[in-house]
$ cat model.pdb   # PDB, C-alpha atoms and all ligand atoms
ATOM      1  CA  MET O   1       0.000   0.000   0.000
ATOM      2  CA  ALA O   2       2.794   2.439   1.032
ATOM      3  CA  ASP O   3       4.716   1.359  -2.058
ATOM      4  CA  CYS O   4       1.770   2.218  -4.261
ATOM      5  CA  SER O   5       1.342   5.761  -2.897
ATOM      6  CA  LYS O   6       5.117   6.383  -3.277
ATOM      7  CA  ARG O   7       4.868   5.362  -6.913
ATOM      8  CA  LYS O   8       1.840   7.599  -7.377
ATOM      9  CA  LYS O   9       3.720  10.549  -5.938
ATOM     10  CA  LEU O  10       6.641   9.845  -8.265
ATOM     11  CA  CYS O  11       4.245   9.686 -11.215
ATOM     12  CA  TYR O  12       2.705  13.051 -10.267
ATOM     13  CA  CYS O  13       6.159  14.549  -9.847
ATOM     14  CA  LEU O  14       7.274  13.327 -13.257
ATOM     15  CA  LEU O  15       4.051  14.554 -14.848
ATOM     16  CA  LEU O  16       4.507  17.969 -13.266
ATOM     17  CA  CYS O  17       8.124  18.124 -14.493
ATOM     18  CA  PHE O  18       7.027  17.282 -18.056
ATOM     19  CA  LEU O  19       4.284  19.843 -17.877
ATOM     20  CA  VAL O  20       6.605  22.616 -16.665
ATOM     21  CA  ALA O  21       9.236  21.678 -19.270
ATOM     22  CA  GLY O  22       6.572  21.580 -21.988
ATOM     23  CA  ILE O  23       5.115  24.959 -21.074
ATOM     24  CA  THR O  24       8.562  26.596 -20.787
ATOM     25  CA  GLY O  25       9.715  25.058 -24.072
ATOM     26  CA  GLY O  26       6.505  26.187 -25.753
ATOM     27  CA  ALA O  27       6.835  29.704 -24.410
ATOM     28  CA  ILE O  28      10.468  29.918 -25.564
ATOM     29  CA  GLY O  29       9.447  28.582 -28.985
ATOM     30  CA  ILE O  30       6.633  31.108 -29.335
ATOM     31  CA  TYR O  31       8.934  33.943 -28.240
ATOM     32  CA  LYS O  32      11.620  32.864 -30.747
ATOM     33  CA  TRP O  33       9.053  32.596 -33.534
ATOM     34  CA  TYR O  34       7.617  36.017 -32.644
ATOM     35  CA  ARG O  35      11.090  37.551 -32.492
ATOM     36  CA  SER O  36      12.180  36.025 -35.773
ATOM     37  CA  GLY O  37       9.048  37.544 -37.315
ATOM     38  CA  LEU O  38       9.943  40.986 -35.998
ATOM     39  CA  ASN O  39      13.557  40.439 -37.000
ATOM     40  CA  ARG O  40      12.835  39.539 -40.597
ATOM     41  CA  TRP O  41      13.836  42.888 -42.168
ATOM     42  CA  HIS O  42      17.365  43.943 -43.050
ATOM     43  CA  GLY O  43      17.290  47.568 -41.854
ATOM     44  CA  PRO O  44      17.689  48.933 -38.305
ATOM     45  CA  GLY O  45      14.609  48.726 -36.105
ATOM     46  CA  SER O  46      12.571  51.727 -34.981
ATOM     47  CA  THR O  47      14.466  54.207 -32.819
ATOM     48  CA  PRO O  48      13.671  53.557 -29.127
ATOM     49  CA  ASP O  49      11.332  56.204 -27.649
ATOM     50  CA  PHE O  50      10.372  57.334 -31.146
ATOM     51  CA  GLN O  51       7.156  59.020 -29.989
ATOM     52  CA  ASP O  52       8.832  60.924 -27.175
ATOM     53  CA  ILE O  53      11.594  62.109 -29.475
ATOM     54  CA  ILE O  54       9.059  63.366 -32.021
ATOM     55  CA  GLU O  55       7.156  65.209 -29.324
ATOM     56  CA  ASP O  56      10.294  66.757 -27.755
ATOM     57  CA  ARG O  57      11.666  67.810 -31.103
ATOM     58  CA  CYS O  58       8.325  69.289 -32.112
ATOM     59  CA  TYR O  59       8.155  71.478 -28.991
ATOM     60  CA  ASN O  60      11.792  72.435 -29.356
ATOM     61  CA  TYR O  61      11.284  73.467 -32.997
ATOM     62  CA  THR O  62       7.977  75.287 -32.608
ATOM     63  CA  GLN O  63       8.776  77.032 -29.323
ATOM     64  CA  ARG O  64      12.487  77.751 -29.576
ATOM     65  CA  ILE O  65      13.983  77.234 -33.019
ATOM     66  CA  ARG O  66      11.139  78.717 -35.081
ATOM     67  CA  PRO O  67       8.803  80.528 -32.676
ATOM     68  CA  ASP O  68       6.870  81.834 -35.700
ATOM     69  CA  SER O  69       5.511  78.268 -35.988
ATOM     70  CA  ARG O  70       4.277  78.293 -32.367
ATOM     71  CA  SER O  71       0.678  77.787 -33.440
ATOM     72  CA  ARG O  72       1.406  74.244 -34.677
ATOM     73  CA  ASN O  73      -0.210  71.555 -32.570
ATOM     74  CA  CYS O  74       2.537  69.102 -31.572
ATOM     75  CA  GLN O  75       0.136  66.523 -30.115
ATOM     76  CA  GLU O  76      -1.819  66.421 -33.342
ATOM     77  CA  ILE O  77       1.373  66.256 -35.403
ATOM     78  CA  LYS O  78       2.672  63.349 -33.327
ATOM     79  CA  GLN O  79      -0.651  61.501 -33.645
ATOM     80  CA  ALA O  80      -0.707  62.048 -37.402
ATOM     81  CA  PHE O  81       2.857  60.747 -37.698
ATOM     82  CA  MET O  82       2.077  57.619 -35.677
ATOM     83  CA  SER O  83      -1.174  56.817 -37.424
ATOM     84  CA  ALA O  84       0.553  57.088 -40.817
ATOM     85  CA  PHE O  85       2.340  53.755 -40.230
ATOM     86  CA  ILE O  86       1.219  52.069 -36.987
ATOM     87  CA  SER O  87      -0.529  48.666 -37.478
ATOM     88  CA  LYS O  88       0.239  48.765 -41.204
ATOM     89  CA  ASP O  89       2.258  46.491 -43.462
ATOM     90  CA  PRO O  90       5.721  48.155 -43.322
ATOM     91  CA  CYS O  91       6.249  47.501 -47.033
ATOM     92  CA  LYS O  92       3.057  49.130 -48.245
ATOM     93  CA  ALA O  93       3.632  52.803 -47.571
ATOM     94  CA  THR O  94       1.955  55.305 -49.891
ATOM     95  CA  LYS O  95       2.266  59.065 -50.180
ATOM     96  CA  GLU O  96      -1.351  59.230 -49.125
ATOM     97  CA  ASP O  97      -0.454  57.759 -45.706
ATOM     98  CA  TYR O  98       1.477  60.945 -44.927
ATOM     99  CA  ARG O  99      -1.042  63.416 -46.302
ATOM    100  CA  ARG O 100      -2.541  64.397 -42.943
ATOM    101  CA  LEU O 101       0.896  64.845 -41.384
ATOM    102  CA  ILE O 102       2.046  67.018 -44.276
ATOM    103  CA  ASP O 103      -1.106  69.107 -44.114
ATOM    104  CA  LEU O 104      -0.518  69.743 -40.408
ATOM    105  CA  ALA O 105       3.152  70.653 -40.771
ATOM    106  CA  ASP O 106       3.588  72.102 -44.235
ATOM    107  CA  PRO O 107       6.963  73.877 -44.458
ATOM    108  CA  THR O 108       7.132  77.646 -44.564
ATOM    109  CA  VAL O 109      10.780  78.132 -45.534
ATOM    110  CA  PRO O 110      11.560  80.656 -48.315
ATOM    111  CA  CYS O 111      11.497  79.142 -51.806
ATOM    112  CA  ASN O 112      14.724  80.818 -52.944
ATOM    113  CA  LYS O 113      17.033  79.724 -50.122
ATOM    114  CA  ARG O 114      17.160  75.958 -50.538
ATOM    115  CA  VAL O 115      20.146  73.653 -50.378
ATOM    116  CA  LEU O 116      19.978  70.064 -51.577
ATOM    117  CA  TRP O 117      22.623  67.403 -51.092
ATOM    118  CA  SER O 118      23.525  63.810 -51.798
ATOM    119  CA  LYS O 119      26.111  61.949 -49.700
ATOM    120  CA  THR O 120      27.225  65.276 -48.207
ATOM    121  CA  LYS O 121      24.590  65.824 -45.537
ATOM    122  CA  GLU O 122      26.584  67.340 -42.676
ATOM    123  CA  LEU O 123      28.619  69.512 -44.985
ATOM    124  CA  ALA O 124      25.487  70.765 -46.734
ATOM    125  CA  ARG O 125      23.893  71.642 -43.423
ATOM    126  CA  GLU O 126      26.871  73.707 -42.359
ATOM    127  CA  TYR O 127      27.145  75.307 -45.769
ATOM    128  CA  ALA O 128      23.472  76.300 -45.561
ATOM    129  CA  LYS O 129      23.781  77.585 -42.009
ATOM    130  CA  LEU O 130      26.747  79.749 -42.874
ATOM    131  CA  ARG O 131      24.896  81.418 -45.719
ATOM    132  CA  GLY O 132      21.443  81.745 -44.155
ATOM    133  CA  LEU O 133      20.066  79.032 -46.472
ATOM    134  CA  VAL O 134      17.985  75.983 -45.530
ATOM    135  CA  THR O 135      18.113  72.222 -46.012
ATOM    136  CA  LEU O 136      15.120  69.938 -45.591
ATOM    137  CA  GLU O 137      16.174  69.252 -41.994
ATOM    138  CA  ASP O 138      15.526  72.937 -41.237
ATOM    139  CA  THR O 139      11.807  72.423 -41.916
ATOM    140  CA  LEU O 140       9.588  71.080 -39.133
ATOM    141  CA  LEU O 141       9.052  67.582 -40.572
ATOM    142  CA  GLY O 142      12.651  67.206 -41.713
ATOM    143  CA  PHE O 143      13.772  68.251 -38.241
ATOM    144  CA  LEU O 144      11.386  65.795 -36.533
ATOM    145  CA  ALA O 145      12.487  62.753 -38.508
ATOM    146  CA  ASP O 146      16.190  63.455 -38.954
ATOM    147  CA  ARG O 147      18.292  60.335 -38.163
ATOM    148  CA  LEU O 148      15.275  58.376 -36.871
ATOM    149  CA  HIS O 149      13.962  54.988 -37.998
ATOM    150  CA  TRP O 150      10.399  53.808 -37.751
ATOM    151  CA  CYS O 151       8.060  51.038 -38.882
ATOM    152  CA  GLY O 152       5.077  49.166 -37.484
ATOM    153  CA  GLU O 153       3.646  45.651 -37.673
ATOM    154  CA  PRO O 154       0.252  44.723 -39.134
ATOM    155  CA  GLY O 155      -2.289  44.365 -36.340
ATOM    156  CA  SER O 156       0.064  45.621 -33.617
ATOM    157  CA  PRO O 157      -0.177  48.990 -31.847
ATOM    158  CA  ASP O 158       3.626  48.990 -31.306
ATOM    159  CA  LEU O 159       6.622  50.032 -33.357
ATOM    160  CA  ASN O 160       8.939  47.253 -34.475
ATOM    161  CA  THR O 161      12.177  48.006 -32.645
ATOM    162  CA  TRP O 162      13.864  44.820 -33.924
ATOM    163  CA  SER O 163      14.112  45.613 -37.630
ATOM    164  CA  CYS O 164      12.561  47.713 -40.409
ATOM    165  CA  PRO O 165      12.567  47.130 -44.177
ATOM    166  CA  ASP O 166      15.660  48.183 -46.064
ATOM    167  CA  TRP O 167      15.167  50.053 -49.382
ATOM    168  CA  GLU O 168      17.448  47.717 -51.351
ATOM    169  CA  LYS O 169      17.075  44.393 -49.579
ATOM    170  CA  ASP O 170      13.396  44.388 -48.591
ATOM    171  CA  CYS O 171      11.117  46.895 -50.278
ATOM    172  CA  ARG O 172      11.256  50.408 -51.714
ATOM    173  CA  THR O 173       7.825  51.348 -50.460
ATOM    174  CA  ASN O 174       8.826  51.294 -46.794
ATOM    175  CA  TYR O 175       7.561  54.076 -44.532
ATOM    176  CA  ARG O 176      10.877  55.823 -43.989
ATOM    177  CA  SER O 177      11.836  55.983 -47.670
ATOM    178  CA  VAL O 178       8.376  57.126 -48.744
ATOM    179  CA  PHE O 179       8.445  59.801 -46.043
ATOM    180  CA  TRP O 180      11.739  61.289 -47.316
ATOM    181  CA  GLU O 181      10.559  60.983 -50.889
ATOM    182  CA  VAL O 182       7.321  62.877 -50.242
ATOM    183  CA  LEU O 183       9.115  65.598 -48.301
ATOM    184  CA  SER O 184      11.955  65.875 -50.802
ATOM    185  CA  GLU O 185       9.567  66.080 -53.739
ATOM    186  CA  ARG O 186       7.657  68.942 -52.152
ATOM    187  CA  PHE O 187      10.843  70.700 -51.098
ATOM    188  CA  ALA O 188      12.240  70.568 -54.654
ATOM    189  CA  GLU O 189       9.088  71.320 -56.615
ATOM    190  CA  SER O 190       8.315  74.408 -54.537
ATOM    191  CA  ALA O 191      11.865  75.814 -54.830
ATOM    192  CA  CYS O 192      12.457  78.998 -56.838
ATOM    193  CA  GLY O 193      15.388  81.156 -57.953
ATOM    194  CA  THR O 194      18.758  79.504 -57.431
ATOM    195  CA  VAL O 195      18.855  76.110 -55.740
ATOM    196  CA  GLN O 196      22.208  74.862 -54.510
ATOM    197  CA  VAL O 197      23.219  71.229 -54.373
ATOM    198  CA  LEU O 198      26.349  69.765 -52.796
ATOM    199  CA  LEU O 199      27.475  66.527 -54.443
ATOM    200  CA  ASN O 200      30.334  64.297 -53.391
ATOM    201  CA  GLY O 201      33.071  64.398 -56.034
ATOM    202  CA  SER O 202      35.128  61.858 -54.129
ATOM    203  CA  LEU O 203      32.684  59.187 -55.249
ATOM    204  CA  GLU O 204      32.828  57.560 -58.673
ATOM    205  CA  ASN O 205      29.402  58.976 -59.544
ATOM    206  CA  ALA O 206      28.817  62.246 -57.757
ATOM    207  CA  PHE O 207      25.353  62.262 -59.281
ATOM    208  CA  ASP O 208      23.565  59.037 -58.395
ATOM    209  CA  GLU O 209      20.367  58.571 -60.369
ATOM    210  CA  MET O 210      19.022  56.212 -57.720
ATOM    211  CA  SER O 211      19.497  58.617 -54.803
ATOM    212  CA  ILE O 212      16.620  60.767 -53.582
ATOM    213  CA  PHE O 213      18.293  63.782 -55.129
ATOM    214  CA  GLY O 214      18.605  61.883 -58.419
ATOM    215  CA  ARG O 215      15.210  60.267 -58.667
ATOM    216  CA  VAL O 216      13.025  62.716 -56.746
ATOM    217  CA  GLU O 217      14.499  66.198 -56.383
ATOM    218  CA  ALA O 218      16.311  66.902 -59.664
ATOM    219  CA  PRO O 219      13.369  65.711 -61.799
ATOM    220  CA  ASN O 220      10.955  67.870 -59.809
ATOM    221  CA  LEU O 221      12.685  71.234 -60.020
ATOM    222  CA  LYS O 222      10.548  73.844 -61.719
ATOM    223  CA  PRO O 223      11.445  75.224 -65.163
ATOM    224  CA  MET O 224      13.522  78.400 -64.979
ATOM    225  CA  VAL O 225      15.037  77.472 -61.634
ATOM    226  CA  THR O 226      18.857  77.575 -61.644
ATOM    227  CA  LEU O 227      20.610  74.595 -60.113
ATOM    228  CA  GLN O 228      24.053  75.470 -58.788
ATOM    229  CA  VAL O 229      26.042  72.263 -58.324
ATOM    230  CA  TRP O 230      29.024  72.299 -55.962
ATOM    231  CA  LEU O 231      31.259  69.283 -56.405
ATOM    232  CA  VAL O 232      33.009  68.873 -53.097
ATOM    233  CA  HIS O 233      36.100  66.755 -52.682
ATOM    234  CA  ASP O 234      37.540  65.085 -49.659
ATOM    235  CA  PRO O 235      41.124  66.450 -49.469
ATOM    236  CA  GLY O 236      42.285  63.075 -48.139
ATOM    237  CA  LYS O 237      41.196  61.307 -51.320
ATOM    238  CA  PRO O 238      41.798  61.882 -55.038
ATOM    239  CA  PRO O 239      38.812  63.483 -56.826
ATOM    240  CA  ARG O 240      36.916  60.778 -58.679
ATOM    241  CA  ASP O 241      34.258  62.782 -60.479
ATOM    242  CA  SER O 242      34.127  66.224 -62.059
ATOM    243  CA  CYS O 243      31.725  68.618 -63.759
ATOM    244  CA  SER O 244      32.722  67.084 -67.095
ATOM    245  CA  GLY O 245      32.256  63.497 -65.861
ATOM    246  CA  SER O 246      29.477  61.290 -67.207
ATOM    247  CA  SER O 247      27.343  61.364 -64.049
ATOM    248  CA  ILE O 248      27.147  65.177 -64.054
ATOM    249  CA  LYS O 249      26.436  65.112 -67.794
ATOM    250  CA  LYS O 250      23.488  62.858 -67.044
ATOM    251  CA  LEU O 251      22.239  65.333 -64.444
ATOM    252  CA  LYS O 252      22.644  68.154 -66.946
ATOM    253  CA  SER O 253      20.542  66.308 -69.501
ATOM    254  CA  ILE O 254      17.745  65.612 -66.968
ATOM    255  CA  LEU O 255      17.706  69.312 -66.131
ATOM    256  CA  SER O 256      17.797  70.604 -69.680
ATOM    257  CA  GLU O 257      14.734  68.484 -70.493
ATOM    258  CA  ARG O 258      12.984  70.400 -67.737
ATOM    259  CA  ASN O 259      14.330  73.763 -68.742
ATOM    260  CA  VAL O 260      16.244  74.107 -65.512
ATOM    261  CA  ARG O 261      19.408  76.189 -65.771
ATOM    262  CA  PHE O 262      22.589  74.505 -64.682
ATOM    263  CA  ILE O 263      25.898  75.720 -63.249
ATOM    264  CA  CYS O 264      28.605  73.376 -61.980
ATOM    265  CA  ARG O 265      31.636  74.319 -59.898
ATOM    266  CA  ASP O 266      34.399  71.776 -60.011
ATOM    267  CA  ASN O 267      37.173  70.697 -57.715
ATOM    268  CA  LEU O 268      35.855  72.540 -54.748
ATOM    269  CA  ARG O 269      38.141  71.273 -52.053
ATOM    270  CA  VAL O 270      36.636  70.941 -48.644
ATOM    271  CA  HIS O 271      38.664  72.808 -46.096
ATOM    272  CA  HIS O 272      36.389  71.853 -43.314
ATOM    273  CA  GLU O 273      38.897  69.931 -41.262
ATOM    274  CA  LYS O 274      36.440  68.919 -38.543
ATOM    275  CA  ARG O 275      34.108  67.017 -40.879
ATOM    276  CA  TRP O 276      36.623  65.284 -43.049
ATOM    277  CA  THR O 277      39.621  64.689 -40.842
ATOM    278  CA  GLY O 278      38.205  64.891 -37.344
ATOM    279  CA  ARG O 279      40.321  67.919 -36.429
ATOM    280  CA  ASN O 280      38.387  70.413 -34.425
ATOM    281  CA  THR O 281      38.609  73.595 -36.462
ATOM    282  CA  SER O 282      35.572  75.632 -37.324
ATOM    283  CA  TRP O 283      33.929  75.958 -40.712
ATOM    284  CA  ASN O 284      33.508  79.659 -40.137
ATOM    285  CA  GLN O 285      37.222  80.276 -39.795
ATOM    286  CA  ASP O 286      38.463  77.844 -42.394
ATOM    287  CA  CYS O 287      35.883  77.663 -45.096
ATOM    288  CA  ARG O 288      34.060  80.922 -45.363
ATOM    289  CA  GLU O 289      36.141  82.373 -48.219
ATOM    290  CA  LYS O 290      36.273  79.076 -50.087
ATOM    291  CA  TYR O 291      32.540  79.079 -50.557
ATOM    292  CA  GLN O 292      31.866  82.699 -51.336
TER
HETATM  293  O1  LIG O 301      19.305  59.955 -51.308
HETATM  294  P1  LIG O 301      19.944  61.295 -51.178
HETATM  295  O2  LIG O 301      21.144  61.325 -50.225
HETATM  296  O3  LIG O 301      20.359  61.924 -52.480
HETATM  297  O4  LIG O 301      18.920  62.288 -50.472
HETATM  298  C1  LIG O 301      19.264  63.594 -50.159
HETATM  299  C2  LIG O 301      18.270  64.621 -50.653
HETATM  300  C3  LIG O 301      18.565  65.946 -49.981
HETATM  301  O5  LIG O 301      18.722  66.945 -50.962
HETATM  302  C4  LIG O 301      17.425  66.205 -49.017
HETATM  303  O6  LIG O 301      16.646  67.340 -49.437
HETATM  304  O7  LIG O 301      16.948  64.268 -50.281
HETATM  305  C5  LIG O 301      16.517  64.973 -49.101
HETATM  306  N1  LIG O 301      16.651  64.031 -47.938
HETATM  307  C6  LIG O 301      16.783  64.460 -46.614
HETATM  308  O8  LIG O 301      16.697  65.645 -46.289
HETATM  309  C7  LIG O 301      17.095  63.458 -45.658
HETATM  310  N2  LIG O 301      17.425  63.513 -44.353
HETATM  311  C8  LIG O 301      17.740  62.285 -43.964
HETATM  312  C9  LIG O 301      16.663  62.703 -48.237
HETATM  313  N3  LIG O 301      16.963  61.781 -47.364
HETATM  314  C10 LIG O 301      17.207  62.152 -46.074
HETATM  315  N4  LIG O 301      17.620  61.449 -45.010
HETATM  316  C11 LIG O 301      17.998  60.038 -44.981
HETATM  317  O9  LIG O 301      19.257  59.950 -45.677
HETATM  318  C12 LIG O 301      17.040  59.131 -45.758
HETATM  319  O10 LIG O 301      16.935  57.934 -45.035
HETATM  320  C13 LIG O 301      17.703  58.816 -47.060
HETATM  321  O11 LIG O 301      17.562  57.480 -47.492
HETATM  322  C14 LIG O 301      19.178  59.114 -46.842
HETATM  323  C15 LIG O 301      19.640  59.854 -48.055
HETATM  324  O12 LIG O 301      20.993  60.005 -48.083
HETATM  325  P2  LIG O 301      21.851  60.211 -49.389
HETATM  326  O13 LIG O 301      21.910  58.939 -50.196
HETATM  327  O14 LIG O 301      23.165  60.790 -48.958
END
$ encode --input "model.pdb" --output "structure tokens" --more "lines below"
Ligand code: N1C
Amino acid sequence: MADCSKRKKLCYCLLLCFLVAGITGGAIGIYKWYRSGLNRWHGPGSTPDFQDIIEDRCYNYTQRIRPDSRSRNCQEIKQAFMSAFISKDPCKATKEDYRRLIDLADPTVPCNKRVLWSKTKELAREYAKLRGLVTLEDTLLGFLADRLHWCGEPGSPDLNTWSCPDWEKDCRTNYRSVFWEVLSERFAESACGTVQVLLNGSLENAFDEMSIFGRVEAPNLKPMVTLQVWLVHDPGKPPRDSCSGSSIKKLKSILSERNVRFICRDNLRVHHEKRWTGRNTSWNQDCREKYQ
């Protein structure tokens, strides 16, 4: 009799162990499956605290940087940004998804003071700042999204912080790319007078037809605008492209079809030591004359 109850206890114990192991194994399996789903894209995941960053940046921009835009409603702007992509397939972004956001935060920067760039972002920003000109990151939406990543998951209220689609490896119609395309298109098509663009002459093709500048901005400049191209070169490297190179010729032909005037300045060496060599000298002291 005692033997029998001992065996029963052992049986219960074993059963319990199997149950616990089964449940734990199952939970681990489900977690791994869930994670591999969220990890399936090849680009970086959404920036942690995305919403808070958007909100902070919005208040900073509208209250301090551009107080003339104080009347903008940052809560509404944040909501519109989130609802553009949350719970949606991260590969099915459309321009329409961002319409409400754009309507709420349409840029008000002067049309004749715009600087475009491709593979020269930091330099272009400093160049613009020095001359009282503006890049897209000086507009409210450009400022909000600068250097951030974001994407959602169908049916989930959360951002995917594990991975987001990459333009080349996953899909072109991802929410980040479409966002920059919509903004860039509007920024270029509403430009007037002389538009400056800084291109990287240390690359084989300073003008890249597949870049946002190449596929969105250049083809959307208005007729009679003048595009002033600055080919900047990294002093540490030999120049690899020039105003007479084939990539710039291609740009020229895209522009002439649109009746956009074109000026190209070659071999502009970058004397901005801080950006290119890490030495801490200021653009103002070193570069002012070079760019005037
Ligand atoms: O693809 P690019 O450059 O030619 O795009 C740059 C071009 C600029 O003239 C801007 O007006 O397009 C606009 N733009 C941004 O302002 C911007 N900020 C951050 C386009 N993209 C922008 N980003 C991110 O950098 C975005 O994720 C995009 O894919 C890159 C573009 O970098 P690039 O290839 O050097």
$ resolve_selection --input "model.pdb" --expression "the PyMOL selection byres (((chain O and resi 114-130) around 8) and not hetatm)" --output "count of residues only"
26
$ resolve_selection --input "model.pdb" --expression "the PyMOL selection byres (((chain O and resi 99) around 12) and not hetatm)" --output "list in words"
Ile77, Ala80, Phe81, Ser83, Ala84, Phe85, Ala93, Thr94, Lys95, Glu96, Asp97, Tyr98, Arg100, Leu101, Ile102, Asp103, Leu104, Ala105, Asp106, Val178, Phe179, Val182, Leu183 and Arg186 of chain O
$ atom_distance --input "model.pdb" --atom1 "CA of Asn205 (chain O)" --atom2 "CA of Ser247 (chain O)"
5.5 Å
$ resolve_selection --input "model.pdb" --expression "the PyMOL selection byres (((chain O and resi 176) around 12) and not hetatm)" --output "ChimeraX atom specification"
/O:43-47,81,84-85,90-95,97-98,142,145-152,164-167,171-175,177-183
$ atom_distance --input "model.pdb" --atom1 "CA of Thr161 (chain O)" --atom2 "atom C13 of ligand LIG 301 (chain O)"
18.8 Å
$ residues_around --input "model.pdb" --residues "region 66-73 of chain O" --least-positions-apart "2" --cutoff "10 Å" --atoms "only C-alpha atoms" --output "ChimeraX atom specification"
/O:58-64,75-78,104-105,107-108,138-140
$ residues_near_point --input "model.pdb" --point "(15.1, 80.1, -61.3)" --cutoff "10 Å" --atoms "all atoms listed in the file" --output "list in words"
Asn112, Ala191, Cys192, Gly193, Thr194, Val195, Leu221, Lys222, Pro223, Met224, Val225, Thr226, Leu227, Asn259, Val260, Arg261 and Phe262 of chain O
$ closest_residue --input "model.pdb" --among "O:Ile53, O:Met210, O:Leu19, O:Gly201" --to "Pro235 (chain O)" --atoms "only C-alpha atoms"
O:Gly201
$ closest_residue --input "model.pdb" --among "O:Ser202, O:Gln79, O:Gln51, O:Ser156" --to "Gly236 (chain O)" --atoms "all atoms listed in the file"
O:Ser202
$ closest_residue --input "model.pdb" --among "O:Leu159, O:Ala188, O:Ala21, O:Leu203" --to "Asp241 (chain O)" --atoms "all atoms listed in the file"
O:Leu203
$ atom_distance --input "model.pdb" --atom1 "atom C10 of ligand LIG 301 (chain O)" --atom2 "CA of Ser244 (chain O)"
26.6 Å
$ closest_residue --input "model.pdb" --among "O:Ser184, O:Ser190, O:Ser87, O:Gln228" --to "ligand LIG 301 (chain O)" --atoms "only C-alpha atoms and all ligand atoms"
O:Ser184
$ axis_aligned_box --input "model.pdb" --around "region 61-72 of chain O" --padding-each-side "6 Å" --output "AutoDock Vina command-line options"
--center_x 7.3 --center_y 77.7 --center_z -32.7 --size_x 25.3 --size_y 20.4 --size_z 18.7
$ closest_residue --input "model.pdb" --among "O:Val216, O:Leu15, O:Cys243, O:Ile23" --to "ligand LIG 301 (chain O)" --atoms "only C-alpha atoms and all ligand atoms"
O:Val216
$ closest_residue --input "model.pdb" --among "O:Trp230, O:Tyr12, O:Phe187, O:Trp162" --to "Leu38 (chain O)" --atoms "only C-alpha atoms"
O:Trp162
